[in-house]
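A.B. asks: Quick one: the structure is below, and I'll ask about it shortly.
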Amino acid sequence: MMNPEMSATVLRPGAPSRFRRGHSRHTVEALLDLIAPDSDARQRLRERGVDPARLERNRVKLARSQWELSHALIERHLPQAHSRAA
C-alpha cells in the first residue's frame, strides 16, 4: 500500500541539488546499464579497502543513478501522477 505523503515527498521539486534530474533523461534500461558497473566497482573498492573518500564518491554516484532510476520508473508506470506533481 502506498503512503500519499511519501509519494508527494519523492516527487517534490525541493530535492538536494546533487539529486535533481538533469535535462537529458535516460531510459530505465540505460540507467540499469550505468548502475551495474558502479555497483560492481563498489564491491571491488570495499574488498580492496580503499580510502573512505573514494568509497564515498562511488556511493554518491551510485545513489544518484539509483535516484534517477526510481524517477524514470515512476514516470514510466505512473505518468499522470508525475504530471500532476510538476
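The way I read the labels, and the way they are meant: chains A, B, ... in the order of the C-alpha cells, residue 1 as the first residue of every chain, and ligand 1 as the first ligand shown, with later ones counted on from there.
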Taking 5 positions as the minimum chain separation for residues in the same chain, which residues sit within 10 Å of A:Arg42 when counting only C-alpha atoms? Answer as a PyMOL selection string.
C.D. replies: chain A and resi 36-37+47-48+54-59+62
A.B. asks: Between atom CA of A:Leu73 and atom CA of A:Gln43, what distance in Å does the model show, to one decimal?
C.D. replies: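 Result for atom CA of A:Leu73 versus atom CA of A:Gln43: 25.0 Å, one decimal.
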A.B. asks: What does the distance from atom CA of A:Ser65 to atom CA of A:Leu34 come to in Å, to one decimal?
C.D. replies: 7.4 Å
A.B. asks: Kindly give the distance, in Å, that separates atom CA of A:Thr27 and atom CA of A:Trp67, rounded to a single decimal.
C.D. replies: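 Between these atoms lies a distance of 12.9 Å.
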